[in-house]
Every structure is written in structure tokens, then in C-alpha cells.
$ cat final.tsv   # TSV, C-alpha atoms and all ligand atoms
chain	number	residue	atom	x	y	z
E	1	MET	CA	0.00	0.00	0.00
E	2	LYS	CA	1.23	3.53	-0.75
E	3	LEU	CA	2.42	5.47	2.30
E	4	ILE	CA	1.79	9.19	2.68
E	5	SER	CA	3.58	10.55	5.71
E	6	ALA	CA	3.84	13.87	7.49
E	7	ASN	CA	7.07	14.95	9.16
E	8	TRP	CA	6.11	17.95	11.27
E	9	LYS	CA	9.72	18.51	12.39
E	10	MET	CA	9.85	21.04	15.30
E	11	ASN	CA	6.33	22.37	14.72
E	12	LEU	CA	2.91	22.10	16.41
E	13	THR	CA	2.63	22.08	20.20
E	14	PRO	CA	0.31	19.59	21.94
E	15	SER	CA	-2.64	22.03	21.85
E	16	GLN	CA	-1.97	22.86	18.18
E	17	THR	CA	-1.77	19.13	17.47
E	18	LYS	CA	-5.21	18.65	18.97
E	19	GLU	CA	-6.61	21.48	16.87
E	20	TYR	CA	-4.93	20.09	13.74
E	21	LEU	CA	-6.29	16.58	14.21
E	22	GLN	CA	-9.80	17.84	14.97
E	23	LYS	CA	-9.79	19.46	11.52
E	24	PHE	CA	-7.81	16.76	9.73
E	25	LEU	CA	-9.69	13.60	10.73
E	26	PRO	CA	-13.00	14.55	9.07
E	27	LEU	CA	-11.14	15.60	5.91
E	28	ILE	CA	-9.89	12.09	5.22
E	29	TYR	CA	-12.66	10.13	6.89
E	30	GLY	CA	-13.47	6.90	5.05
E	31	LEU	CA	-10.57	7.25	2.62
E	32	GLU	CA	-9.13	3.85	1.75
E	33	GLY	CA	-6.31	2.33	-0.26
E	34	ARG	CA	-3.42	4.25	1.28
E	35	GLU	CA	-1.56	4.30	4.53
E	36	VAL	CA	-1.38	7.67	6.30
E	37	LEU	CA	1.32	8.41	8.87
E	38	ILE	CA	1.86	11.46	11.07
E	39	CYS	CA	5.17	12.11	12.84
E	40	PRO	CA	4.72	14.92	15.41
E	41	PRO	CA	7.47	16.19	17.72
E	42	PHE	CA	7.88	14.15	20.94
E	43	PRO	CA	5.76	16.33	23.30
E	44	SER	CA	2.81	16.14	20.89
E	45	LEU	CA	2.85	12.35	20.54
E	46	CYS	CA	0.74	11.79	23.63
E	47	VAL	CA	-2.23	13.88	22.53
E	48	ALA	CA	-1.93	12.56	18.97
E	49	SER	CA	-1.89	8.99	20.24
E	50	GLU	CA	-5.07	9.59	22.23
E	51	MET	CA	-6.85	11.21	19.28
E	52	LEU	CA	-5.78	8.62	16.71
E	53	LYS	CA	-6.51	5.53	18.76
E	54	ASP	CA	-9.74	4.73	16.91
E	55	SER	CA	-8.52	5.72	13.47
E	56	SER	CA	-6.42	3.96	10.84
E	57	ILE	CA	-3.88	6.78	10.80
E	58	LYS	CA	-0.49	5.63	12.01
E	59	LEU	CA	1.72	7.51	14.43
E	60	GLY	CA	5.47	7.84	14.08
E	61	ALA	CA	8.40	9.50	15.82
E	62	GLN	CA	11.05	11.65	14.17
E	63	ASN	CA	13.96	10.05	16.00
E	64	CYS	CA	14.84	7.52	18.71
E	65	HIS	CA	17.82	6.29	20.68
E	66	HIS	CA	19.11	2.81	20.01
E	67	ASP	CA	19.57	1.69	23.63
E	68	LYS	CA	16.67	0.53	25.75
E	69	LYS	CA	17.39	2.94	28.63
E	70	GLY	CA	20.21	4.68	30.43
E	71	ALA	CA	22.17	7.85	30.99
E	72	TYR	CA	21.45	9.62	27.69
E	73	THR	CA	20.25	13.11	28.57
E	74	GLY	CA	17.68	14.39	26.12
E	75	GLU	CA	17.15	11.07	24.34
E	76	VAL	CA	14.04	8.92	23.93
E	77	SER	CA	13.87	5.11	23.77
E	78	LEU	CA	11.76	2.89	21.59
E	79	ASP	CA	10.01	1.40	24.64
E	80	MET	CA	8.84	4.91	25.59
E	81	LEU	CA	7.62	5.53	22.06
E	82	LYS	CA	5.90	2.18	21.76
E	83	GLU	CA	3.88	2.87	24.89
E	84	LEU	CA	2.45	5.85	23.02
E	85	GLY	CA	1.41	3.62	20.14
E	86	ILE	CA	3.99	4.65	17.58
E	87	SER	CA	4.65	2.16	14.80
E	88	TYR	CA	7.21	4.07	12.69
E	89	VAL	CA	10.39	6.05	13.33
E	90	ILE	CA	12.10	8.36	10.83
E	91	VAL	CA	15.81	7.50	10.93
E	92	GLY	CA	18.72	9.40	9.43
E	93	HIS	CA	16.83	12.46	8.26
E	94	SER	CA	19.26	14.88	6.60
E	95	GLU	CA	18.55	17.48	9.29
E	96	ARG	CA	19.76	14.98	11.90
E	97	ARG	CA	22.76	14.04	9.78
E	98	TRP	CA	23.84	17.59	8.86
E	99	ILE	CA	22.69	19.73	11.81
E	100	PHE	CA	23.16	17.21	14.62
E	101	GLY	CA	26.07	15.23	13.21
E	102	GLU	CA	24.34	11.85	13.11
E	103	SER	CA	26.70	9.35	11.51
E	104	ASP	CA	25.94	6.36	9.29
E	105	GLU	CA	27.03	4.18	12.21
E	106	PHE	CA	24.40	5.75	14.46
E	107	VAL	CA	21.78	5.39	11.75
E	108	ASN	CA	22.65	1.69	11.51
E	109	LYS	CA	22.28	1.24	15.27
E	110	LYS	CA	18.92	2.97	15.27
E	111	ILE	CA	17.60	0.84	12.42
E	112	THR	CA	18.82	-2.29	14.21
E	113	ALA	CA	17.01	-1.19	17.39
E	114	CYS	CA	13.79	-0.39	15.50
E	115	LEU	CA	13.75	-3.79	13.81
E	116	LYS	CA	14.34	-5.54	17.14
E	117	ALA	CA	11.48	-3.54	18.66
E	118	SER	CA	9.15	-4.30	15.71
E	119	VAL	CA	8.92	-0.61	14.87
E	120	ARG	CA	9.16	0.17	11.17
E	121	PRO	CA	12.01	2.53	10.33
E	122	ILE	CA	11.85	5.01	7.47
E	123	LEU	CA	15.46	5.38	6.43
E	124	CYS	CA	16.15	8.79	4.85
E	125	VAL	CA	18.85	9.15	2.24
E	126	GLY	CA	19.75	11.85	-0.24
E	127	GLU	CA	22.58	13.84	-1.74
E	128	ARG	CA	23.59	17.45	-1.09
E	129	LEU	CA	23.70	19.98	-3.91
E	130	GLU	CA	27.46	19.85	-4.37
E	131	GLU	CA	27.31	16.06	-4.54
E	132	ARG	CA	24.58	16.21	-7.15
E	133	GLU	CA	26.54	18.72	-9.19
E	134	ALA	CA	29.59	16.47	-8.99
E	135	GLY	CA	27.52	13.59	-10.41
E	136	LEU	CA	27.67	11.67	-7.14
E	137	THR	CA	23.94	11.18	-6.46
E	138	PHE	CA	23.88	7.40	-6.98
E	139	LYS	CA	27.15	6.87	-5.12
E	140	VAL	CA	26.01	8.90	-2.09
E	141	VAL	CA	22.63	7.20	-1.91
E	142	GLU	CA	24.16	3.74	-2.34
E	143	THR	CA	26.75	4.35	0.39
E	144	GLN	CA	24.12	5.66	2.82
E	145	ILE	CA	21.90	2.64	2.21
E	146	ARG	CA	24.68	0.05	2.40
E	147	LEU	CA	26.03	1.50	5.67
E	148	ALA	CA	22.59	1.92	7.21
E	149	LEU	CA	21.67	-1.67	6.40
E	150	SER	CA	25.02	-3.23	7.20
E	151	GLY	CA	24.31	-6.56	8.95
E	152	LEU	CA	20.58	-6.09	8.34
E	153	GLU	CA	20.51	-7.12	4.69
E	154	GLU	CA	17.87	-9.80	5.17
E	155	PHE	CA	15.38	-7.34	6.72
E	156	THR	CA	14.89	-4.93	3.83
E	157	ASP	CA	11.20	-5.85	3.70
E	158	SER	CA	10.70	-4.52	7.25
E	159	LEU	CA	11.58	-0.92	6.48
E	160	ASP	CA	10.82	1.90	4.07
E	161	ILE	CA	13.30	4.25	2.44
E	162	ALA	CA	12.71	7.95	1.79
E	163	TYR	CA	14.73	9.56	-0.97
E	164	GLU	CA	15.05	13.18	0.10
E	165	PRO	CA	17.59	15.18	-1.90
E	166	VAL	CA	18.95	17.68	0.64
E	167	TRP	CA	18.78	20.57	-1.83
E	168	ALA	CA	15.05	19.97	-2.33
E	169	ILE	CA	14.09	20.03	1.36
E	170	GLY	CA	12.25	23.17	2.44
E	171	THR	CA	13.48	25.08	-0.60
E	172	GLY	CA	10.45	25.07	-2.87
E	173	ASN	CA	12.79	23.53	-5.44
E	174	PRO	CA	11.74	19.89	-5.67
E	175	ALA	CA	13.36	17.19	-7.78
E	176	THR	CA	11.28	16.67	-10.91
E	177	PRO	CA	9.12	13.54	-10.74
E	178	GLU	CA	11.23	12.10	-13.57
E	179	ASP	CA	14.49	12.73	-11.70
E	180	ALA	CA	13.01	11.20	-8.55
E	181	GLN	CA	11.88	8.16	-10.54
E	182	VAL	CA	15.42	7.54	-11.83
E	183	VAL	CA	16.86	7.55	-8.29
E	184	HIS	CA	13.98	5.45	-6.93
E	185	ALA	CA	14.56	2.83	-9.64
E	186	TYR	CA	18.26	2.81	-8.74
E	187	ILE	CA	17.45	2.32	-5.05
E	188	LYS	CA	15.08	-0.56	-5.81
E	189	ASP	CA	17.67	-2.21	-8.00
E	190	LEU	CA	20.24	-1.84	-5.25
E	191	LEU	CA	17.86	-3.39	-2.69
E	192	CYS	CA	17.35	-6.38	-4.99
E	193	HIS	CA	21.13	-6.85	-4.99
E	194	ILE	CA	21.36	-6.45	-1.23
E	195	ASN	CA	18.49	-8.84	-0.58
E	196	PRO	CA	17.63	-10.87	-3.69
E	197	LYS	CA	14.77	-12.65	-1.88
E	198	HIS	CA	12.84	-9.65	-0.58
E	199	GLY	CA	14.51	-6.61	-2.17
E	200	GLY	CA	11.42	-5.75	-4.18
E	201	LYS	CA	9.27	-5.31	-1.08
E	202	THR	CA	10.75	-2.07	0.29
E	203	ARG	CA	8.70	1.04	-0.35
E	204	VAL	CA	10.64	4.04	-1.61
E	205	LEU	CA	9.08	7.43	-0.72
E	206	TYR	CA	9.97	10.80	-2.18
E	207	GLY	CA	10.46	13.87	0.04
E	208	GLY	CA	11.50	17.45	-0.66
E	209	SER	CA	9.15	20.38	-1.34
E	210	VAL	CA	6.13	18.18	-1.98
E	211	ASN	CA	2.87	20.17	-2.07
E	212	PRO	CA	-0.75	19.60	-3.13
E	213	ARG	CA	0.04	20.77	-6.68
E	214	ASN	CA	2.93	18.40	-7.39
E	215	SER	CA	2.10	15.37	-5.19
E	216	GLY	CA	-0.02	13.61	-7.82
E	217	ASP	CA	2.83	13.87	-10.34
E	218	TYR	CA	5.18	11.97	-8.03
E	219	MET	CA	2.60	9.36	-7.22
E	220	ARG	CA	2.16	8.64	-10.94
E	221	MET	CA	5.80	7.54	-11.18
E	222	LYS	CA	6.29	3.79	-11.31
E	223	ASP	CA	8.75	3.51	-8.43
E	224	VAL	CA	7.39	6.21	-6.12
E	225	ASP	CA	5.58	4.29	-3.39
E	226	GLY	CA	4.71	7.26	-1.23
E	227	LEU	CA	5.70	10.67	0.07
E	228	LEU	CA	7.36	12.19	3.13
E	229	VAL	CA	6.01	15.69	3.47
E	230	GLY	CA	7.41	18.48	5.65
E	231	GLY	CA	6.11	22.05	5.31
E	232	ALA	CA	2.98	21.18	3.33
E	233	SER	CA	1.85	18.76	6.04
E	234	LEU	CA	1.55	21.49	8.68
E	235	GLU	CA	-1.90	22.59	7.50
E	236	PRO	CA	-4.60	19.90	7.72
E	237	GLU	CA	-6.24	20.99	4.44
E	238	SER	CA	-3.01	20.90	2.49
E	239	PHE	CA	-1.94	17.50	3.86
E	240	ALA	CA	-5.42	16.08	3.18
E	241	GLN	CA	-5.21	17.33	-0.42
E	242	ILE	CA	-1.85	15.59	-0.85
E	243	ILE	CA	-3.31	12.34	0.50
E	244	LYS	CA	-6.22	12.58	-1.93
E	245	SER	CA	-4.13	13.61	-4.94
E	246	PHE	CA	-3.79	10.16	-6.48
E	301	LIG	P1	9.67	19.81	2.98
E	301	LIG	O1	8.45	19.07	2.48
E	301	LIG	O2	9.35	20.94	3.87
E	301	LIG	O3	10.59	20.15	1.85
E	301	LIG	O4	10.47	18.76	3.91
E	301	LIG	C1	10.70	17.49	3.44
E	301	LIG	C2	11.23	16.65	4.53
E	301	LIG	O5	12.33	16.89	5.03
E	301	LIG	C3	10.39	15.57	5.04
E	301	LIG	O6	11.09	14.74	5.90
$ encode --input "final.tsv" --output "C-alpha cells"
Amino acid sequence: MKLISANWKMNLTPSQTKEYLQKFLPLIYGLEGREVLICPPFPSLCVASEMLKDSSIKLGAQNCHHDKKGAYTGEVSLDMLKELGISYVIVGHSERRWIFGESDEFVNKKITACLKASVRPILCVGERLEEREAGLTFKVVETQIRLALSGLEEFTDSLDIAYEPVWAIGTGNPATPEDAQVVHAYIKDLLCHINPKHGGKTRVLYGGSVNPRNSGDYMRMKDVDGLLVGGASLEPESFAQIIKSF
């Protein structure tokens, strides 16, 4: 099933989350044939969990720590998140990699922990502008995926991958659907090499300046299995339009 997900990043307080969901739920009521996921910031997970408990909308976190508990000031474990009903975690988002220095090794540990906890990771990969201009897109994406999945090759069917070119995030300058398709096809091919048995089962989402006007164009691409939406998911109407655009 196609997956349309919202990454709210550091936006929407608990009370704003409540207001959002009160508007959003009726907008997509009864809609079938797609999976919808919302990833609020940590403090808003509790209220979202309460409000989504009778709906088919899934709840995800934007990050997690890989250990079960311990002296990690400011971190959040998967057990804590699972108690709030989360079923997905975004791992290795470029903002975590480039602003907070998250390494491929850390990303690998987090994916390992998610799989052990039966939480579905969404692994984010994507090249920076200078890498794209140097013709390194495939190499960067391949390296990120191989390192993230090191030792986990047989589990590729238990995760999703989001291709988010860094230069397209929050810039209003998205990859064209055709360009995204080429990278998505490359990623799927790579996954089939990594895991010949199940490689074809991983969904590959596109993220980076998706909005209600361009979302349908991505979803028409053969290898785009869903979207990871930032800015345009912060208004219930706009996110609902994206969900209904295909
Ligand atoms: P924007 O949709 O705001 O470009 O953000 C994309 C993103 O980073 C989703 O994870």
C-alpha cells in the first residue's frame, strides 16, 4: 500500500496538534487504499496517540535512541515511544545528519534497534547539492543505504526508504518527478542486490518540497511508493489534499 507521511519537524505544540487533528480527521474520513502516517514532535505524541486511537492513521516519531534505557540526557527510547502507540520512526533524516552530526554508524544502530522492537524505520537518504553537481547522487545514496543496512541485509522488507535530496528540502525547489523516478529505480535495483529474496518489497518514498500541486505527479511515477512531506503537512487541508491527490 502507498504510504503518505507527514514529518512535522519542530512544529505544532500539543494544543496545536489537537486542533490540527480535529480538523484533519473529518477531511480524510473513510478514505481507503493508502496508509497515512503522522510524525509529530515528541511532546505532541501523547495527545496525537489519544486522538488517533480509533482511526487507521499511524503515528510515528522523528527520532529515537538505540539503547533501551540509560544515561542519555535528552534522548528517547523505543520502549517509551511504543507505549504511546507509535509504529514508525524516521531515521537518518538529513537534518539529523547535517545539523546534529548523526553518523551512518548511528543510523545503523537505530535501524537495528527499530527492527528488534518491531517498529518500522523510514530510512532517509539523499545527496547534497554539491554532490549532485559532482555527479555523485547514486554513489552517495548507495553508500548511505549500504552503511545503514550493514548486517541487516535480510530485513529490507521490514523498512521503508525515503529519498530526500537535501537541496530539495524546504526550498520550494523539488526534484522533478522524472528525476526522482530515476533515483527510486536505482534504489530498488540496489535493494534487490542487497536482498535478492525480498529486495522488491521495500517502499521508496519521495520527500522534498512536496505540495498539493505536485504530489499527484510523483505518485504517478512507477517507483514512487509514497511521500514524506514536511512544510505542506503542517496545515490539515493541504496535507489532506496531498493524501487525496492520487
Ligand atoms: P519539505 O516538504 O518541507 O521540503 O520537507 C521534506 C522533509 O524533510 C520531510 O522529511
$ residues_near_ligand --input "final.tsv" --ligand "ligand LIG 301 (chain E)" --cutoff "6 Å" --atoms "only C-alpha atoms and all ligand atoms" --output "number ranges by chain"
E: 7, 169-170, 207-210, 228-232
$ atom_distance --input "final.tsv" --atom1 "atom CA of E:Val125" --atom2 "atom CA of E:Ile28"
29.0 Å
$ closest_residue --input "final.tsv" --among "E:Lys9, E:Arg96, E:Lys188, E:Lys23" --to "E:Thr156" --atoms "only C-alpha atoms"
E:Lys188
$ closest_atom_pairs --input "final.tsv" --of "stretch 113-227 of chain E" --to "stretch 66-74 of chain E" --cutoff "10 Å" --atoms "all atoms listed in the file" --output "tab-separated table"
residue	atom	partner	partner_atom	distance
E:Ala113	CA	E:His66	CA	5.2
E:Cys114	CA	E:His66	CA	7.7
E:Ala117	CA	E:Lys68	CA	9.7
$ closest_residue --input "final.tsv" --among "E:Leu27, E:Cys192, E:Leu12, E:Ser44" --to "E:Ser238" --atoms "all atoms listed in the file"
E:Leu27
$ residues_around --input "final.tsv" --residues "E:Ile242" --least-positions-apart "5" --cutoff "9 Å" --atoms "all atoms listed in the file" --output "list of chain:residue names"
E:Ile4, E:Val210, E:Asn211, E:Pro212, E:Arg213, E:Asn214, E:Ser215, E:Gly216, E:Val229, E:Ala232, E:Ser233, E:Glu237
$ residues_around --input "final.tsv" --residues "stretch 79-91 of chain E" --least-positions-apart "2" --cutoff "6 Å" --atoms "all atoms listed in the file" --output "PyMOL selection string"
chain E and resi 59-63+77+93+119-123
$ axis_aligned_box --input "final.tsv" --around "stretch 186-197 of chain E" --padding-each-side "5 Å" --output "lines of an AutoDock Vina configuration file"
center_x = 18.1
center_y = -4.9
center_z = -4.7
size_x = 16.6
size_y = 25.5
size_z = 18.2
$ closest_residue --input "final.tsv" --among "E:Thr143, E:Ser94, E:Asn11, E:Thr112" --to "E:Pro43" --atoms "only C-alpha atoms"
E:Asn11
$ residues_around --input "final.tsv" --residues "stretch 127-130 of chain E" --least-positions-apart "2" --cutoff "12 Å" --atoms "only C-alpha atoms" --output "MDAnalysis selection string"
chainID E and resid 93:95 97:98 124:125 132:145 163:169 171 173 175 183 208
$ atom_distance --input "final.tsv" --atom1 "atom CA of E:Gly172" --atom2 "atom CA of E:Leu3"
21.8 Å
$ atom_distance --input "final.tsv" --atom1 "atom CA of E:Arg220" --atom2 "atom CA of E:Ala240"
17.7 Å
$ closest_residue --input "final.tsv" --among "E:Leu227, E:Pro236, E:Tyr206, E:Glu105" --to "E:Leu25" --atoms "all atoms listed in the file"
E:Pro236
$ closest_residue --input "final.tsv" --among "E:Leu21, E:Lys201, E:Ile243, E:Gly33" --to "E:Ser49" --atoms "all atoms listed in the file"
E:Leu21
$ residues_around --input "final.tsv" --residues "E:His193" --least-positions-apart "4" --cutoff "12 Å" --atoms "only C-alpha atoms" --output "list in words"
Glu142, Ile145, Arg146, Glu153, Glu154, Thr156, Tyr186, Ile187, Lys188, Asp189, Lys197, His198, Gly199 and Gly200 of chain E
$ residues_around --input "final.tsv" --residues "E:Met1" --least-positions-apart "4" --cutoff "10 Å" --atoms "only C-alpha atoms" --output "list in words"
Gly33, Arg34, Glu35, Arg203, Asp225 and Gly226 of chain E
